[in-house]
file final_0.pdb (PDB, C-alpha atoms and all ligand atoms)
MODEL        1
ATOM      1  CA  MET A   1      11.736 -58.832  -0.305  1.00  0.00           C
ATOM      2  CA  LYS A   2      12.374 -55.322   1.070  1.00  0.00           C
ATOM      3  CA  LYS A   3       9.752 -54.166   3.565  1.00  0.00           C
ATOM      4  CA  LYS A   4       7.741 -51.298   2.095  1.00  0.00           C
ATOM      5  CA  LEU A   5       7.277 -47.973   3.882  1.00  0.00           C
ATOM      6  CA  ILE A   6       4.082 -45.907   3.828  1.00  0.00           C
ATOM      7  CA  VAL A   7       4.396 -42.354   5.147  1.00  0.00           C
ATOM      8  CA  GLY A   8       1.500 -39.967   5.707  1.00  0.00           C
ATOM      9  CA  ASN A   9       2.126 -36.245   5.239  1.00  0.00           C
ATOM     10  CA  TRP A  10      -0.604 -34.411   7.084  1.00  0.00           C
ATOM     11  CA  LYS A  11       0.654 -31.026   5.808  1.00  0.00           C
ATOM     12  CA  MET A  12      -0.982 -28.109   7.712  1.00  0.00           C
ATOM     13  CA  ASN A  13      -3.994 -30.126   8.847  1.00  0.00           C
ATOM     14  CA  GLY A  14      -5.126 -31.458  12.170  1.00  0.00           C
ATOM     15  CA  SER A  15      -6.459 -30.518  15.588  1.00  0.00           C
ATOM     16  CA  LEU A  16      -6.144 -32.209  18.955  1.00  0.00           C
ATOM     17  CA  ALA A  17      -9.530 -33.886  18.486  1.00  0.00           C
ATOM     18  CA  ALA A  18      -9.038 -34.825  14.822  1.00  0.00           C
ATOM     19  CA  ASN A  19      -5.563 -36.252  15.493  1.00  0.00           C
ATOM     20  CA  GLN A  20      -6.899 -38.399  18.305  1.00  0.00           C
ATOM     21  CA  ALA A  21      -9.665 -39.834  16.111  1.00  0.00           C
ATOM     22  CA  LEU A  22      -7.335 -40.448  13.164  1.00  0.00           C
ATOM     23  CA  LEU A  23      -4.655 -42.127  15.262  1.00  0.00           C
ATOM     24  CA  ASP A  24      -7.172 -44.237  17.192  1.00  0.00           C
ATOM     25  CA  GLY A  25      -8.241 -45.631  13.832  1.00  0.00           C
ATOM     26  CA  LEU A  26      -4.724 -46.046  12.469  1.00  0.00           C
ATOM     27  CA  THR A  27      -3.232 -47.695  15.529  1.00  0.00           C
ATOM     28  CA  ALA A  28      -6.096 -50.201  15.634  1.00  0.00           C
ATOM     29  CA  GLY A  29      -6.062 -50.863  11.894  1.00  0.00           C
ATOM     30  CA  ALA A  30      -2.306 -50.964  11.339  1.00  0.00           C
ATOM     31  CA  ALA A  31      -1.457 -53.035  14.405  1.00  0.00           C
ATOM     32  CA  THR A  32      -0.423 -56.014  12.319  1.00  0.00           C
ATOM     33  CA  ALA A  33       0.883 -54.131   9.262  1.00  0.00           C
ATOM     34  CA  ALA A  34       3.715 -55.938   7.508  1.00  0.00           C
ATOM     35  CA  CYS A  35       5.112 -52.687   6.119  1.00  0.00           C
ATOM     36  CA  GLY A  36       6.648 -49.729   7.919  1.00  0.00           C
ATOM     37  CA  VAL A  37       4.189 -46.915   8.647  1.00  0.00           C
ATOM     38  CA  ALA A  38       4.874 -43.305   9.676  1.00  0.00           C
ATOM     39  CA  VAL A  39       2.923 -40.077  10.009  1.00  0.00           C
ATOM     40  CA  CYS A  40       4.556 -36.671   9.495  1.00  0.00           C
ATOM     41  CA  VAL A  41       2.543 -34.252  11.579  1.00  0.00           C
ATOM     42  CA  PRO A  42       2.672 -30.496  12.295  1.00  0.00           C
ATOM     43  CA  ALA A  43       5.236 -29.659  15.003  1.00  0.00           C
ATOM     44  CA  PRO A  44       2.748 -28.426  17.645  1.00  0.00           C
ATOM     45  CA  TYR A  45       1.276 -31.939  17.734  1.00  0.00           C
ATOM     46  CA  TRP A  46       4.510 -33.917  18.135  1.00  0.00           C
ATOM     47  CA  SER A  47       3.971 -34.325  21.876  1.00  0.00           C
ATOM     48  CA  GLN A  48       0.347 -35.427  21.501  1.00  0.00           C
ATOM     49  CA  VAL A  49       1.146 -37.829  18.675  1.00  0.00           C
ATOM     50  CA  GLN A  50       4.228 -39.211  20.451  1.00  0.00           C
ATOM     51  CA  ALA A  51       1.967 -40.168  23.367  1.00  0.00           C
ATOM     52  CA  LEU A  52      -0.770 -41.614  21.125  1.00  0.00           C
ATOM     53  CA  LEU A  53       1.780 -43.752  19.224  1.00  0.00           C
ATOM     54  CA  ALA A  54       3.671 -44.868  22.333  1.00  0.00           C
ATOM     55  CA  SER A  55       2.565 -48.482  22.192  1.00  0.00           C
ATOM     56  CA  SER A  56       2.225 -48.697  18.416  1.00  0.00           C
ATOM     57  CA  ALA A  57       4.670 -49.577  15.640  1.00  0.00           C
ATOM     58  CA  ILE A  58       3.758 -46.416  13.701  1.00  0.00           C
ATOM     59  CA  PHE A  59       6.662 -43.947  13.572  1.00  0.00           C
ATOM     60  CA  LEU A  60       6.401 -40.209  14.152  1.00  0.00           C
ATOM     61  CA  GLY A  61       7.758 -37.848  11.497  1.00  0.00           C
ATOM     62  CA  ALA A  62       8.193 -34.103  10.981  1.00  0.00           C
ATOM     63  CA  GLN A  63       7.490 -32.150   7.796  1.00  0.00           C
ATOM     64  CA  ASP A  64      10.732 -30.164   7.744  1.00  0.00           C
ATOM     65  CA  VAL A  65      13.950 -29.732   9.715  1.00  0.00           C
ATOM     66  CA  SER A  66      16.512 -26.943   9.951  1.00  0.00           C
ATOM     67  CA  GLN A  67      19.908 -27.108   8.300  1.00  0.00           C
ATOM     68  CA  HIS A  68      21.317 -25.747  11.592  1.00  0.00           C
ATOM     69  CA  ALA A  69      21.726 -27.600  14.873  1.00  0.00           C
ATOM     70  CA  SER A  70      20.831 -24.538  17.007  1.00  0.00           C
ATOM     71  CA  GLY A  71      21.092 -20.757  17.103  1.00  0.00           C
ATOM     72  CA  ALA A  72      19.446 -17.538  15.934  1.00  0.00           C
ATOM     73  CA  TYR A  73      17.093 -19.010  13.333  1.00  0.00           C
ATOM     74  CA  THR A  74      13.630 -17.821  14.341  1.00  0.00           C
ATOM     75  CA  GLY A  75      10.882 -20.265  13.530  1.00  0.00           C
ATOM     76  CA  GLU A  76      13.210 -23.136  12.631  1.00  0.00           C
ATOM     77  CA  LEU A  77      13.102 -26.603  14.190  1.00  0.00           C
ATOM     78  CA  SER A  78      16.385 -28.370  14.919  1.00  0.00           C
ATOM     79  CA  PRO A  79      16.928 -32.118  14.592  1.00  0.00           C
ATOM     80  CA  GLY A  80      17.741 -32.171  18.331  1.00  0.00           C
ATOM     81  CA  MET A  81      14.232 -30.870  19.035  1.00  0.00           C
ATOM     82  CA  LEU A  82      12.749 -33.541  16.797  1.00  0.00           C
ATOM     83  CA  LYS A  83      14.686 -36.225  18.658  1.00  0.00           C
ATOM     84  CA  GLU A  84      13.355 -35.062  22.036  1.00  0.00           C
ATOM     85  CA  PHE A  85       9.842 -35.900  20.854  1.00  0.00           C
ATOM     86  CA  GLY A  86      10.766 -39.269  19.392  1.00  0.00           C
ATOM     87  CA  VAL A  87      10.584 -38.015  15.798  1.00  0.00           C
ATOM     88  CA  ARG A  88      12.197 -40.635  13.574  1.00  0.00           C
ATOM     89  CA  TYR A  89      11.720 -39.112  10.090  1.00  0.00           C
ATOM     90  CA  ALA A  90      11.740 -35.598   8.638  1.00  0.00           C
ATOM     91  CA  ILE A  91      10.480 -34.725   5.177  1.00  0.00           C
ATOM     92  CA  VAL A  92      13.099 -32.561   3.480  1.00  0.00           C
ATOM     93  CA  GLY A  93      12.712 -30.576   0.258  1.00  0.00           C
ATOM     94  CA  HIS A  94       8.993 -31.146  -0.228  1.00  0.00           C
ATOM     95  CA  SER A  95       7.915 -29.262  -3.358  1.00  0.00           C
ATOM     96  CA  GLU A  96       5.728 -26.980  -1.225  1.00  0.00           C
ATOM     97  CA  ARG A  97       8.849 -25.958   0.757  1.00  0.00           C
ATOM     98  CA  ARG A  98      10.799 -25.478  -2.459  1.00  0.00           C
ATOM     99  CA  GLN A  99       7.970 -23.437  -3.998  1.00  0.00           C
ATOM    100  CA  TYR A 100       6.697 -21.339  -1.084  1.00  0.00           C
ATOM    101  CA  HIS A 101       9.862 -21.044   1.005  1.00  0.00           C
ATOM    102  CA  GLY A 102      12.466 -20.800  -1.719  1.00  0.00           C
ATOM    103  CA  GLU A 103      14.367 -23.903  -0.671  1.00  0.00           C
ATOM    104  CA  THR A 104      17.152 -24.553  -3.162  1.00  0.00           C
ATOM    105  CA  ASP A 105      18.862 -27.852  -3.938  1.00  0.00           C
ATOM    106  CA  GLU A 106      21.736 -26.714  -1.715  1.00  0.00           C
ATOM    107  CA  VAL A 107      19.457 -25.945   1.250  1.00  0.00           C
ATOM    108  CA  VAL A 108      17.768 -29.326   0.832  1.00  0.00           C
ATOM    109  CA  ALA A 109      21.204 -30.993   0.780  1.00  0.00           C
ATOM    110  CA  ALA A 110      22.263 -29.117   3.939  1.00  0.00           C
ATOM    111  CA  LYS A 111      19.043 -30.053   5.742  1.00  0.00           C
ATOM    112  CA  THR A 112      19.615 -33.676   4.794  1.00  0.00           C
ATOM    113  CA  GLN A 113      23.151 -33.493   6.174  1.00  0.00           C
ATOM    114  CA  CYS A 114      22.027 -31.897   9.450  1.00  0.00           C
ATOM    115  CA  ALA A 115      19.262 -34.472   9.934  1.00  0.00           C
ATOM    116  CA  LEU A 116      21.608 -37.406   9.308  1.00  0.00           C
ATOM    117  CA  ALA A 117      24.298 -35.993  11.595  1.00  0.00           C
ATOM    118  CA  ASN A 118      21.746 -35.799  14.389  1.00  0.00           C
ATOM    119  CA  GLY A 119      20.050 -39.157  14.057  1.00  0.00           C
ATOM    120  CA  VAL A 120      16.909 -38.168  12.154  1.00  0.00           C
ATOM    121  CA  THR A 121      16.165 -40.000   8.896  1.00  0.00           C
ATOM    122  CA  PRO A 122      15.450 -37.493   6.117  1.00  0.00           C
ATOM    123  CA  ILE A 123      12.788 -38.290   3.531  1.00  0.00           C
ATOM    124  CA  VAL A 124      14.275 -36.313   0.644  1.00  0.00           C
ATOM    125  CA  CYS A 125      11.756 -35.238  -2.000  1.00  0.00           C
ATOM    126  CA  VAL A 126      12.581 -34.692  -5.665  1.00  0.00           C
ATOM    127  CA  GLY A 127      10.268 -34.136  -8.597  1.00  0.00           C
ATOM    128  CA  GLU A 128       9.600 -32.147 -11.716  1.00  0.00           C
ATOM    129  CA  THR A 129       6.881 -29.604 -12.433  1.00  0.00           C
ATOM    130  CA  LEU A 130       4.394 -30.071 -15.272  1.00  0.00           C
ATOM    131  CA  ALA A 131       6.262 -27.511 -17.408  1.00  0.00           C
ATOM    132  CA  GLU A 132       9.527 -29.380 -16.848  1.00  0.00           C
ATOM    133  CA  ARG A 133       7.937 -32.719 -17.775  1.00  0.00           C
ATOM    134  CA  GLU A 134       6.367 -31.262 -20.897  1.00  0.00           C
ATOM    135  CA  ALA A 135       9.735 -29.777 -21.863  1.00  0.00           C
ATOM    136  CA  GLY A 136      11.294 -33.243 -21.593  1.00  0.00           C
ATOM    137  CA  LYS A 137      13.366 -32.199 -18.575  1.00  0.00           C
ATOM    138  CA  THR A 138      12.160 -34.721 -15.980  1.00  0.00           C
ATOM    139  CA  GLU A 139      15.400 -36.698 -15.910  1.00  0.00           C
ATOM    140  CA  GLU A 140      17.602 -33.598 -15.825  1.00  0.00           C
ATOM    141  CA  VAL A 141      15.626 -32.040 -12.947  1.00  0.00           C
ATOM    142  CA  VAL A 142      15.379 -35.032 -10.630  1.00  0.00           C
ATOM    143  CA  LYS A 143      19.023 -35.963 -11.256  1.00  0.00           C
ATOM    144  CA  ARG A 144      20.142 -32.413 -10.454  1.00  0.00           C
ATOM    145  CA  GLN A 145      18.093 -32.394  -7.238  1.00  0.00           C
ATOM    146  CA  LEU A 146      19.463 -35.758  -6.125  1.00  0.00           C
ATOM    147  CA  ALA A 147      23.046 -34.934  -7.175  1.00  0.00           C
ATOM    148  CA  ALA A 148      23.135 -31.995  -4.749  1.00  0.00           C
ATOM    149  CA  VAL A 149      22.111 -34.287  -1.894  1.00  0.00           C
ATOM    150  CA  ILE A 150      24.628 -36.973  -2.884  1.00  0.00           C
ATOM    151  CA  HIS A 151      27.406 -34.396  -3.220  1.00  0.00           C
ATOM    152  CA  ALA A 152      26.829 -33.024   0.296  1.00  0.00           C
ATOM    153  CA  ASN A 153      26.318 -36.363   1.995  1.00  0.00           C
ATOM    154  CA  GLY A 154      28.832 -38.767   0.446  1.00  0.00           C
ATOM    155  CA  HIS A 155      28.586 -42.331   1.670  1.00  0.00           C
ATOM    156  CA  CYS A 156      25.892 -41.342   4.217  1.00  0.00           C
ATOM    157  CA  ILE A 157      23.495 -41.196   1.267  1.00  0.00           C
ATOM    158  CA  SER A 158      22.639 -44.838   1.983  1.00  0.00           C
ATOM    159  CA  GLU A 159      20.876 -43.688   5.173  1.00  0.00           C
ATOM    160  CA  ILE A 160      18.248 -41.487   3.499  1.00  0.00           C
ATOM    161  CA  VAL A 161      14.764 -42.288   2.309  1.00  0.00           C
ATOM    162  CA  LEU A 162      14.158 -40.818  -1.149  1.00  0.00           C
ATOM    163  CA  ALA A 163      10.734 -39.790  -2.437  1.00  0.00           C
ATOM    164  CA  TYR A 164       9.895 -39.148  -6.072  1.00  0.00           C
ATOM    165  CA  GLU A 165       7.004 -36.697  -6.113  1.00  0.00           C
ATOM    166  CA  PRO A 166       6.093 -35.271  -9.510  1.00  0.00           C
ATOM    167  CA  VAL A 167       4.853 -31.799  -8.583  1.00  0.00           C
ATOM    168  CA  TRP A 168       2.022 -32.024 -11.103  1.00  0.00           C
ATOM    169  CA  ALA A 169       0.639 -35.047  -9.251  1.00  0.00           C
ATOM    170  CA  ILE A 170       0.661 -33.596  -5.731  1.00  0.00           C
ATOM    171  CA  GLY A 171      -2.814 -32.798  -4.470  1.00  0.00           C
ATOM    172  CA  THR A 172      -4.187 -32.696  -8.009  1.00  0.00           C
ATOM    173  CA  GLY A 173      -5.734 -36.146  -8.289  1.00  0.00           C
ATOM    174  CA  LYS A 174      -3.464 -36.769 -11.305  1.00  0.00           C
ATOM    175  CA  THR A 175      -1.267 -39.724 -10.480  1.00  0.00           C
ATOM    176  CA  ALA A 176       1.778 -40.755 -12.473  1.00  0.00           C
ATOM    177  CA  THR A 177       1.062 -44.072 -14.147  1.00  0.00           C
ATOM    178  CA  PRO A 178       2.944 -46.979 -12.567  1.00  0.00           C
ATOM    179  CA  GLU A 179       5.150 -47.071 -15.687  1.00  0.00           C
ATOM    180  CA  GLN A 180       5.921 -43.331 -15.555  1.00  0.00           C
ATOM    181  CA  ALA A 181       6.780 -43.586 -11.864  1.00  0.00           C
ATOM    182  CA  GLN A 182       8.883 -46.743 -12.295  1.00  0.00           C
ATOM    183  CA  GLN A 183      10.844 -45.119 -15.126  1.00  0.00           C
ATOM    184  CA  VAL A 184      11.926 -42.251 -12.858  1.00  0.00           C
ATOM    185  CA  HIS A 185      12.519 -44.525  -9.861  1.00  0.00           C
ATOM    186  CA  ALA A 186      14.807 -46.687 -11.988  1.00  0.00           C
ATOM    187  CA  LEU A 187      16.937 -43.763 -13.026  1.00  0.00           C
ATOM    188  CA  LEU A 188      17.124 -42.495  -9.444  1.00  0.00           C
ATOM    189  CA  ARG A 189      18.165 -45.989  -8.366  1.00  0.00           C
ATOM    190  CA  ALA A 190      20.900 -46.013 -10.997  1.00  0.00           C
ATOM    191  CA  GLN A 191      22.153 -42.636  -9.772  1.00  0.00           C
ATOM    192  CA  LEU A 192      22.201 -43.944  -6.189  1.00  0.00           C
ATOM    193  CA  ARG A 193      24.052 -47.094  -7.294  1.00  0.00           C
ATOM    194  CA  ALA A 194      26.787 -44.962  -8.800  1.00  0.00           C
ATOM    195  CA  ALA A 195      27.183 -43.238  -5.411  1.00  0.00           C
ATOM    196  CA  SER A 196      26.745 -46.083  -2.937  1.00  0.00           C
ATOM    197  CA  ASN A 197      27.235 -49.833  -2.698  1.00  0.00           C
ATOM    198  CA  HIS A 198      24.088 -49.925  -0.580  1.00  0.00           C
ATOM    199  CA  ALA A 199      21.796 -48.181  -3.039  1.00  0.00           C
ATOM    200  CA  ASP A 200      19.418 -51.113  -3.269  1.00  0.00           C
ATOM    201  CA  LEU A 201      18.644 -50.724   0.433  1.00  0.00           C
ATOM    202  CA  ILE A 202      17.553 -47.086   0.073  1.00  0.00           C
ATOM    203  CA  PRO A 203      13.746 -46.904   0.058  1.00  0.00           C
ATOM    204  CA  ILE A 204      12.457 -44.858  -2.881  1.00  0.00           C
ATOM    205  CA  LEU A 205       8.867 -43.800  -2.186  1.00  0.00           C
ATOM    206  CA  TYR A 206       6.377 -42.539  -4.748  1.00  0.00           C
ATOM    207  CA  GLY A 207       4.210 -39.549  -3.834  1.00  0.00           C
ATOM    208  CA  GLY A 208       1.486 -37.738  -5.762  1.00  0.00           C
ATOM    209  CA  SER A 209      -2.218 -38.477  -5.360  1.00  0.00           C
ATOM    210  CA  MET A 210      -1.602 -42.021  -4.160  1.00  0.00           C
ATOM    211  CA  ASN A 211      -4.915 -43.438  -2.991  1.00  0.00           C
ATOM    212  CA  ALA A 212      -6.718 -46.642  -2.085  1.00  0.00           C
ATOM    213  CA  ALA A 213      -7.497 -47.371  -5.732  1.00  0.00           C
ATOM    214  CA  ASN A 214      -4.079 -46.834  -7.331  1.00  0.00           C
ATOM    215  CA  ALA A 215      -1.692 -47.842  -4.534  1.00  0.00           C
ATOM    216  CA  ALA A 216      -1.410 -51.559  -5.340  1.00  0.00           C
ATOM    217  CA  ASN A 217      -0.392 -50.958  -8.961  1.00  0.00           C
ATOM    218  CA  LEU A 218       2.148 -48.304  -8.056  1.00  0.00           C
ATOM    219  CA  LEU A 219       3.588 -50.389  -5.222  1.00  0.00           C
ATOM    220  CA  SER A 220       3.962 -53.454  -7.462  1.00  0.00           C
ATOM    221  CA  GLN A 221       6.680 -51.704  -9.486  1.00  0.00           C
ATOM    222  CA  VAL A 222      10.157 -53.064  -8.886  1.00  0.00           C
ATOM    223  CA  ASP A 223      11.751 -49.781  -7.753  1.00  0.00           C
ATOM    224  CA  ILE A 224       8.797 -48.373  -5.817  1.00  0.00           C
ATOM    225  CA  ASP A 225       9.462 -49.163  -2.179  1.00  0.00           C
ATOM    226  CA  GLY A 226       6.557 -47.342  -0.624  1.00  0.00           C
ATOM    227  CA  GLY A 227       4.465 -44.207  -0.691  1.00  0.00           C
ATOM    228  CA  LEU A 228       4.461 -40.646   0.611  1.00  0.00           C
ATOM    229  CA  VAL A 229       0.771 -39.897   0.976  1.00  0.00           C
ATOM    230  CA  GLY A 230      -0.818 -36.473   1.481  1.00  0.00           C
ATOM    231  CA  GLY A 231      -4.593 -36.151   1.208  1.00  0.00           C
ATOM    232  CA  ALA A 232      -5.382 -39.832   1.633  1.00  0.00           C
ATOM    233  CA  SER A 233      -3.384 -39.990   4.881  1.00  0.00           C
ATOM    234  CA  LEU A 234      -6.051 -37.890   6.614  1.00  0.00           C
ATOM    235  CA  LYS A 235      -8.755 -40.541   6.227  1.00  0.00           C
ATOM    236  CA  VAL A 236      -8.446 -43.708   8.288  1.00  0.00           C
ATOM    237  CA  ALA A 237      -9.993 -46.062   5.720  1.00  0.00           C
ATOM    238  CA  ASP A 238      -8.019 -44.650   2.791  1.00  0.00           C
ATOM    239  CA  PHE A 239      -4.667 -44.669   4.555  1.00  0.00           C
ATOM    240  CA  LEU A 240      -5.246 -48.189   5.903  1.00  0.00           C
ATOM    241  CA  ALA A 241      -6.143 -49.391   2.405  1.00  0.00           C
ATOM    242  CA  ILE A 242      -2.790 -48.052   1.148  1.00  0.00           C
ATOM    243  CA  VAL A 243      -1.007 -49.745   4.042  1.00  0.00           C
ATOM    244  CA  ALA A 244      -2.807 -52.984   3.161  1.00  0.00           C
ATOM    245  CA  ALA A 245      -1.748 -52.624  -0.481  1.00  0.00           C
ATOM    246  CA  ALA A 246       1.876 -52.457   0.675  1.00  0.00           C
ATOM    247  CA  GLN A 247       1.904 -55.829   2.438  1.00  0.00           C
TER     248      GLN A 247
HETATM  249  C1  LIG B   1       2.451 -34.922  -0.594  1.00  0.00           C
HETATM  250  O1  LIG B   1       2.074 -33.869  -0.074  1.00  0.00           O
HETATM  251  O2  LIG B   1       3.598 -35.327  -0.394  1.00  0.00           O
HETATM  252  C2  LIG B   1       1.512 -35.641  -1.443  1.00  0.00           C
HETATM  253  C3  LIG B   1       1.944 -36.656  -2.139  1.00  0.00           C
HETATM  254  O3  LIG B   1       0.221 -35.176  -1.457  1.00  0.00           O
HETATM  255  P1  LIG B   1      -1.051 -35.899  -2.178  1.00  0.00           P
HETATM  256  O4  LIG B   1      -0.979 -37.352  -1.818  1.00  0.00           O
HETATM  257  O5  LIG B   1      -2.218 -35.221  -1.601  1.00  0.00           O
HETATM  258  O6  LIG B   1      -0.877 -35.698  -3.639  1.00  0.00           O
ENDMDL
END

call {"tool": "encode", "arguments": {"input": "final_0.pdb", "output": "structure tokens"}}
result
Amino acid sequence: MKKKLIVGNWKMNGSLAANQALLDGLTAGAATAACGVAVCVPAPYWSQVQALLASSAIFLGAQDVSQHASGAYTGELSPGMLKEFGVRYAIVGHSERRQYHGETDEVVAAKTQCALANGVTPIVCVGETLAEREAGKTEEVVKRQLAAVIHANGHCISEIVLAYEPVWAIGTGKTATPEQAQQVHALLRAQLRAASNHADLIPILYGGSMNAANAANLLSQVDIDGGLVGGASLKVADFLAIVAAAQ
């Protein structure tokens, strides 16, 4: 069976003291985890978190990455910078980046390409809004978002991590049912299969109000290979319960 992957997205949360306490708990509690575990932390804390995770199996991740390798792009973070701090994963195309920073499908595809070319594994997020779901457009939207990434990345698509995050479930406490999530994961898997012979190896994570209570049911679905966890990744007990559900 494929090893599951649980990724915490701290978003714009944390402090030196809070990070230390959270990671002390996680490194102790996840020491024998049978699944992959990563935390995507704000850039100013990469150095601190790199040191705190040095002797742990938990991977360090970023929450975004530039589509450019270097140059006059004020405020951007290049994949080369991520690599210098041991950052293994970068979330790309999170709905909050698409919504608040105007990231288009093409920008998300270019960021994915730049990350892959520079040895950072992108966690590419796709997902529909509530209005799109209610209009019966879920399939059309997630397929369009993924198609742009496949188009720009060709056979390298097998090296991404994909995350299905229905926007209406992010931070709202409304989780997709396991059946709703599986239905979308299955169609994303089919789209990946049409593009790559290695599609079954691509982890497809579910994200959207995953918590200690619902994780096991979501993770038992055949095409759900892990979770991208926001709010619950900030509490040691909750995040460890999700990690335990992924064993
Ligand atoms: C996220 O930000 O990717 C996320 C899934 O958040 P939450 O778990 O809080 O819904």

call {"tool": "closest_atom_pairs", "arguments": {"input": "final_0.pdb", "of": "chain A", "to": "ligand LIG 1 (chain B)", "cutoff": "7 Å", "atoms": "only C-alpha atoms and all ligand atoms", "output": "JSON lines"}}
result
{"residue": "A:Asn9", "atom": "CA", "partner": "B:LIG1", "partner_atom": "O1", "distance": 5.8}
{"residue": "A:Lys11", "atom": "CA", "partner": "B:LIG1", "partner_atom": "O1", "distance": 6.7}
{"residue": "A:His94", "atom": "CA", "partner": "B:LIG1", "partner_atom": "O2", "distance": 6.8}
{"residue": "A:Glu165", "atom": "CA", "partner": "B:LIG1", "partner_atom": "C3", "distance": 6.4}
{"residue": "A:Ala169", "atom": "CA", "partner": "B:LIG1", "partner_atom": "O6", "distance": 5.8}
{"residue": "A:Ile170", "atom": "CA", "partner": "B:LIG1", "partner_atom": "O6", "distance": 3.3}
{"residue": "A:Gly171", "atom": "CA", "partner": "B:LIG1", "partner_atom": "O6", "distance": 3.6}
{"residue": "A:Thr172", "atom": "CA", "partner": "B:LIG1", "partner_atom": "O6", "distance": 6.3}
{"residue": "A:Gly173", "atom": "CA", "partner": "B:LIG1", "partner_atom": "O6", "distance": 6.7}
{"residue": "A:Gly207", "atom": "CA", "partner": "B:LIG1", "partner_atom": "C3", "distance": 4.0}
{"residue": "A:Gly208", "atom": "CA", "partner": "B:LIG1", "partner_atom": "O6", "distance": 3.8}
{"residue": "A:Ser209", "atom": "CA", "partner": "B:LIG1", "partner_atom": "O6", "distance": 3.5}
{"residue": "A:Met210", "atom": "CA", "partner": "B:LIG1", "partner_atom": "O4", "distance": 5.3}
{"residue": "A:Leu228", "atom": "CA", "partner": "B:LIG1", "partner_atom": "C3", "distance": 5.5}
{"residue": "A:Val229", "atom": "CA", "partner": "B:LIG1", "partner_atom": "O4", "distance": 4.2}
{"residue": "A:Gly230", "atom": "CA", "partner": "B:LIG1", "partner_atom": "O3", "distance": 3.4}
{"residue": "A:Gly231", "atom": "CA", "partner": "B:LIG1", "partner_atom": "O5", "distance": 3.8}
{"residue": "A:Ala232", "atom": "CA", "partner": "B:LIG1", "partner_atom": "O4", "distance": 6.1}

call {"tool": "resolve_selection", "arguments": {"input": "final_0.pdb", "expression": "the PyMOL selection byres (((chain A and resi 130-137) around 12) and not hetatm)", "output": "list in words"}}
result
Gly127, Glu128, Thr129, Thr138, Glu139, Glu140, Val141, Val142, Lys143, Arg144, Glu165, Pro166, Val167, Trp168, Ala169, Ile170, Thr172, Lys174, Ala176, Gln180 and Val184 of chain A

call {"tool": "residues_around", "arguments": {"input": "final_0.pdb", "residues": "Gln67 of chain A", "least_positions_apart": "6", "cutoff": "10 Å", "atoms": "only C-alpha atoms", "output": "list in words"}}
result
Tyr73, Glu76, Leu77, Ser78, Pro79, Val92, Val107, Val108, Ala109, Ala110, Lys111, Thr112, Gln113, Cys114 and Ala115 of chain A

call {"tool": "write_last_selection", "arguments": {"input": "final_0.pdb", "atoms": "C-alpha atoms", "output": "short mmCIF file (atom, residue, chain, number, x, y, z; two decimals), in the frame of the given file"}}
result
data_model
loop_
_atom_site.label_atom_id
_atom_site.label_comp_id
_atom_site.auth_asym_id
_atom_site.auth_seq_id
_atom_site.Cartn_x
_atom_site.Cartn_y
_atom_site.Cartn_z
CA TYR A 73 17.09 -19.01 13.33
CA GLU A 76 13.21 -23.14 12.63
CA LEU A 77 13.10 -26.60 14.19
CA SER A 78 16.39 -28.37 14.92
CA PRO A 79 16.93 -32.12 14.59
CA VAL A 92 13.10 -32.56 3.48
CA VAL A 107 19.46 -25.94 1.25
CA VAL A 108 17.77 -29.33 0.83
CA ALA A 109 21.20 -30.99 0.78
CA ALA A 110 22.26 -29.12 3.94
CA LYS A 111 19.04 -30.05 5.74
CA THR A 112 19.61 -33.68 4.79
CA GLN A 113 23.15 -33.49 6.17
CA CYS A 114 22.03 -31.90 9.45
CA ALA A 115 19.26 -34.47 9.93
#

call {"tool": "atom_distance", "arguments": {"input": "final_0.pdb", "atom1": "atom CA of Glu179 of chain A", "atom2": "atom CA of Asn217 of chain A"}}
result
9.5 Å

call {"tool": "residues_around", "arguments": {"input": "final_0.pdb", "residues": "Ile204 of chain A", "least_positions_apart": "3", "cutoff": "6 Å", "atoms": "all atoms listed in the file", "output": "MDAnalysis selection string"}}
result
chainID A and resid 162:163 224:225

call {"tool": "write_last_selection", "arguments": {"input": "final_0.pdb", "atoms": "C-alpha atoms", "output": "PDB file, keeping the file's coordinate frame"}}
result
ATOM      1  CA  LEU A 162      14.158 -40.818  -1.149  1.00  0.00           C
ATOM      2  CA  ALA A 163      10.734 -39.790  -2.437  1.00  0.00           C
ATOM      3  CA  ILE A 224       8.797 -48.373  -5.817  1.00  0.00           C
ATOM      4  CA  ASP A 225       9.462 -49.163  -2.179  1.00  0.00           C
TER       5      ASP A 225
END

call {"tool": "residues_around", "arguments": {"input": "final_0.pdb", "residues": "segment 58-65 of chain A", "least_positions_apart": "5", "cutoff": "6 Å", "atoms": "all atoms listed in the file", "output": "ChimeraX atom specification"}}
result
/A:37-41,77-78,87-92

call {"tool": "residues_around", "arguments": {"input": "final_0.pdb", "residues": "segment 235-238 of chain A", "least_positions_apart": "6", "cutoff": "12 Å", "atoms": "only C-alpha atoms", "output": "PyMOL selection string"}}
result
chain A and resi 8-10+13-14+18-30+209-215+229+244-245

call {"tool": "residues_near_point", "arguments": {"input": "final_0.pdb", "point": "(21.1, -46.6, 4.4)", "cutoff": "7 Å", "atoms": "all atoms listed in the file", "output": "PyMOL selection string"}}
result
chain A and resi 157-160+198+201-202

call {"tool": "axis_aligned_box", "arguments": {"input": "final_0.pdb", "around": "segment 238-243 of chain A", "padding_each_side": "5 Å", "output": "AutoDock Vina command-line options"}}
result
--center_x -4.5 --center_y -47.2 --center_z 3.5 --size_x 17.0 --size_y 15.1 --size_z 14.8

call {"tool": "atom_distance", "arguments": {"input": "final_0.pdb", "atom1": "atom CA of Gly86 of chain A", "atom2": "atom CA of Cys125 of chain A"}}
result
21.8 Å

call {"tool": "residues_around", "arguments": {"input": "final_0.pdb", "residues": "Lys83 of chain A", "least_positions_apart": "6", "cutoff": "9 Å", "atoms": "all atoms listed in the file", "output": "compact mmCIF listing (two decimals) with C-alpha atoms, in the frame of the given file"}}
result
# COMPACT_ATOMS: atom_id res chain seq x y z
CA ASN A 118 21.75 -35.80 14.39
CA GLY A 119 20.05 -39.16 14.06
CA VAL A 120 16.91 -38.17 12.15
